[in-house]
Every structure is written in structure tokens, then in C-alpha cells.
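**Student:** Dropping the structure in here first, questions after.
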Amino acid sequence: MQFFSRANIDFITNRKYGYMFSGTLLLIGFISLILRGGPNYGIDFKGGVSIRVQMAQNVTIDDVRKSLSAIGYGDAELKESRQEQGNTVKEEYIVRVPASTESSSAGDSVLTQLRADYGDSSVVVRSVESVGPKIGNELKRAAIYSILFALLIILIYISWRFELRFAVGAIIPLFHDVLITLGIFSVLNLEISLAVVAAFLTIVGYSLNDTIVVFDRIRENLRTLRREKYDVVINKSINETLSRTIITSLTTLFVVLILYFLGGSVIHNFAFALLVGVVIGTYSSIFVASPILIEWENWHQTHNKIEKKKKKR
């Protein structure tokens, strides 16, 4: 099955609109990060305690919030999910208290209050996780280093397999995709957890795979269409791989949408990051990665002309 089998869209001539769109998204994300003082890190990075409890009776999230307010944790993060067990549906809540309080006592206080309000038999503890601030900072550094290290290895590998200009054209869109996704998380004030960092790395891999397919076709066409202009070859290559790009992206998008709507609150942010990443990654492989090759070639030709003029003098 093929879509756009005879596509002849002039992506390269209209690349300035892609620059404007990307620049706008990046600017909005940066402004949001500055105003909020950085990303909204979860307890994985800030430190704190996460308690997952199952309520045996019909308890709303407002009821749980009211119970926590009675012990000074009214601003704690709450997530709700429903678990079906046979013919009954039980409510599960994830209570996250930041490291500004003593994690161990906070966990005990939360459980004591919930049991006092709803009974010992009505509150089933599913898990209790505690992360200290020092470990959180170490995880934050490790997460940043892992992303940067992955990008460095990709740069080296693509430089070896293709050329340096292809490597630069592949790496810049990866930064672009991660920063835009991070900016959207900041605008929506969504939490950055270890699962979201894993989603960022997944976005890097997905976007790179899409870009490499386009670049491989560009390399083939540069060999066979030597008489054609550089921008014509690149535009032709994008159109030839457009069908594959659309089908792959739609297939992935369907799976991620199912995860987002049916996966539950635990992986909600992870699925949302993938959802944004798939869309932005597909867009960047067409409107960011390939145009970078054009800009590189234009700069190279201008530089050569300047050097020739200097030699003539």
C-alpha cells in the first residue's frame, strides 16, 4: 500500500515556513521553561515519596485530597486510575509528596490518615517508593548525560557511514525534537520522570530512523542524478520516501494513541511524550533535516566563491 506514490510537493522552496514553525515552538518552550524556572521534575529527580494505594470503596479524588489536606499535604500530586477486578471496579491513587518533607514520615502519615478516614480494610497499599534529594540529583545528571552521549555516538556513526553534513543534518533535528517535546511539557506543566526521559530517548531513535531513510535515498539520487541541481535531488528524494514516512508514522501513532487513552495514568506522560515525539519527529525529518543539507551546500558554495576571489587577487 502506498500514499503519495507520485508526490511532487516542493518542500525545499517552502522550507522557510518550517523554520518559522519550528522557531515559534522552540521560542514558546524556552519562554515557558524560563518563567517556570526549568522543567517540572518529578520525585525521581527532586526526591520524595510515592505511594500507590487501592481504595476498596467508592472514593473520589476530591475525597482523597480532603484527607491529605487535614495533615498538611493538600498540595501533593494525585493521580487516579481504575482497575477492574471481575465485576467490580476499584479506584487506585498515586500520592506523590516532594522532598520538602521527611519522606519516611510523610509516607506513614498519608497511610495513617487514609486508613483513619476510610478504614484499614479499605486501603490496600500497592507500592511505596522513596527517593532522596541526593539520588534525585544524580539521576538528573545521568538522564542528561545519557541523552547527550546518545547524540554524540549518533553523530560519530553517521559521519562514518555517510558524511559529516549528513551527521549534522541528522543531529540538529534530534535536539529540535527533544527540545520541542520538553517545551510542550513545560507549557502544560507536565511532570518529567524517568519514564519521560526514556520516552525522549525513544523519540531520538524514532526520529533518527525516519531521517536516515530519507538521507539514504538522497545519497542514492546524488549518485544517479548528478546533472540535477542539489535542491532538486533532495526534494525528489523526500517525495519518493514520503509514502513510507506517512505509513510508518501513522502505524506508530495508532499504537501510541492506544497507550495514551487506555494505558492508565501511570504511563500517561510517557505516552504523551511519544505522541508528541512521533508527530514532531516525522515533521522534522522532512522540514528540518533535509533543508539543513541545502543550507550546508549553499554555505559551501558561497565559501568556495569567496576563496576563489581571494586567490584571483
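Labeling convention for the C-alpha cells: chains A, B, ... as they appear, residues from 1 per chain, ligands from 1 in order of appearance.
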Considering only C-alpha atoms, give me a table of residues in region 228-295 of chain A that are at most 8 Å from region 59-82 of chain A, with the closest atom pair and distance in Å for each, as JSON lines.
**Tutor:**
{"residue": "A:Gly264", "atom": "CA", "partner": "A:Ser81", "partner_atom": "CA", "distance": 6.1}
{"residue": "A:Ser265", "atom": "CA", "partner": "A:Ser81", "partner_atom": "CA", "distance": 5.9}
{"residue": "A:Val266", "atom": "CA", "partner": "A:Lys79", "partner_atom": "CA", "distance": 8.0}
**Student:** What are the DSSP strand (DSSP E or B) residues of region 13-159 of chain A, as an NGL selection string?
**Tutor:** :A and (40-41 or 48-55 or 77-85 or 88-98 or 123-131)
**Student:** May I have the residues from that selection written out with C-alpha atoms, as a PDB file, in the first residue's frame?
**Tutor:**
ATOM      1  CA  ASN A  40       8.706  20.277  36.295  1.00  0.00           C
ATOM      2  CA  TYR A  41      10.832  17.438  37.657  1.00  0.00           C
ATOM      3  CA  GLY A  48      10.265  12.454  47.808  1.00  0.00           C
ATOM      4  CA  VAL A  49       7.864   9.576  48.347  1.00  0.00           C
ATOM      5  CA  SER A  50       5.352   7.962  46.001  1.00  0.00           C
ATOM      6  CA  ILE A  51       2.534   5.881  47.492  1.00  0.00           C
ATOM      7  CA  ARG A  52       0.178   3.806  45.377  1.00  0.00           C
ATOM      8  CA  VAL A  53      -2.981   2.709  47.157  1.00  0.00           C
ATOM      9  CA  GLN A  54      -6.134   0.901  46.109  1.00  0.00           C
ATOM     10  CA  MET A  55      -9.389   2.018  47.702  1.00  0.00           C
ATOM     11  CA  GLU A  77       0.351  15.348  43.455  1.00  0.00           C
ATOM     12  CA  LEU A  78      -2.543  12.934  42.926  1.00  0.00           C
ATOM     13  CA  LYS A  79      -3.180  10.578  40.029  1.00  0.00           C
ATOM     14  CA  GLU A  80      -6.254   8.404  39.652  1.00  0.00           C
ATOM     15  CA  SER A  81      -6.798   5.161  37.744  1.00  0.00           C
ATOM     16  CA  ARG A  82      -9.487   2.488  37.717  1.00  0.00           C
ATOM     17  CA  GLN A  83      -8.728  -1.210  37.997  1.00  0.00           C
ATOM     18  CA  GLU A  84     -11.352  -3.773  37.008  1.00  0.00           C
ATOM     19  CA  GLN A  85     -11.414  -6.908  39.142  1.00  0.00           C
ATOM     20  CA  THR A  88     -16.093  -4.691  40.492  1.00  0.00           C
ATOM     21  CA  VAL A  89     -14.143  -1.552  39.703  1.00  0.00           C
ATOM     22  CA  LYS A  90     -11.672  -0.332  42.312  1.00  0.00           C
ATOM     23  CA  GLU A  91     -10.074   3.083  42.466  1.00  0.00           C
ATOM     24  CA  GLU A  92      -6.307   3.397  42.638  1.00  0.00           C
ATOM     25  CA  TYR A  93      -4.477   6.561  43.587  1.00  0.00           C
ATOM     26  CA  ILE A  94      -0.841   7.568  43.356  1.00  0.00           C
ATOM     27  CA  VAL A  95       0.093  10.105  46.017  1.00  0.00           C
ATOM     28  CA  ARG A  96       3.397  11.905  45.497  1.00  0.00           C
ATOM     29  CA  VAL A  97       4.881  14.050  48.225  1.00  0.00           C
ATOM     30  CA  PRO A  98       8.019  16.074  47.337  1.00  0.00           C
ATOM     31  CA  VAL A 123      -6.932   0.949  51.937  1.00  0.00           C
ATOM     32  CA  VAL A 124      -4.654  -1.548  50.190  1.00  0.00           C
ATOM     33  CA  VAL A 125      -1.039  -0.420  49.745  1.00  0.00           C
ATOM     34  CA  ARG A 126       0.230  -1.426  46.298  1.00  0.00           C
ATOM     35  CA  SER A 127       3.673   0.182  46.496  1.00  0.00           C
ATOM     36  CA  VAL A 128       5.734   2.762  48.374  1.00  0.00           C
ATOM     37  CA  GLU A 129       8.781   4.307  46.688  1.00  0.00           C
ATOM     38  CA  SER A 130      11.141   6.776  48.310  1.00  0.00           C
ATOM     39  CA  VAL A 131      13.900   8.786  46.593  1.00  0.00           C
TER      40      VAL A 131
END
**Student:** Which is closer to Ile218 (chain A) than all the others in A:Leu201, A:Phe175, A:Lys236, A:Lys140, using only C-alpha atoms?
**Tutor:**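 Answer, going by the shortest atom-to-atom distance: A:Lys236.
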**Student:** Please identify the alpha helix (DSSP H) residues within region 81-305 of chain A (assignment by DSSP from backbone atoms) and present them as a PyMOL selection string.
**Tutor:** chain A and resi 103-118+133-161+164-187+194-224+230-262+268-284+290-305
**Student:** Just want the 10 Å neighbourhood of Gly205 (chain A), counted on only C-alpha atoms, with same-chain residues fewer than 6 positions away dropped. Output as a list in words.
**Tutor:**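 Neighbouring residues, sequence-local ones excluded: Ala150, Leu151, Ile154, Leu174, Ala199, Thr211 and Gly281 of chain A.
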**Student:** Residues as selected, C-alpha atoms, written as a short mmCIF file (atom, residue, chain, number, x, y, z; two decimals), in the first residue's frame, can you do that?
**Tutor:**
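File produced: out_11.cif:
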data_model
loop_
_atom_site.label_atom_id
_atom_site.label_comp_id
_atom_site.auth_asym_id
_atom_site.auth_seq_id
_atom_site.Cartn_x
_atom_site.Cartn_y
_atom_site.Cartn_z
CA ALA A 150 23.47 9.01 22.63
CA LEU A 151 23.54 12.08 20.35
CA ILE A 154 24.93 9.02 16.57
CA LEU A 174 17.09 15.33 17.25
CA ALA A 199 10.42 8.47 26.02
CA THR A 211 15.71 10.75 8.86
CA GLY A 281 9.94 13.61 14.51
#
**Student:** Tell me which protein, DNA and RNA residues are within 7 Å of region 287-296 of chain A, counting only C-alpha atoms, leaving out same-chain ones fewer than 5 positions away, and put them as a PyMOL selection string.
**Tutor:** chain A and resi 12+15+18+165-166+169-170+173+211+231
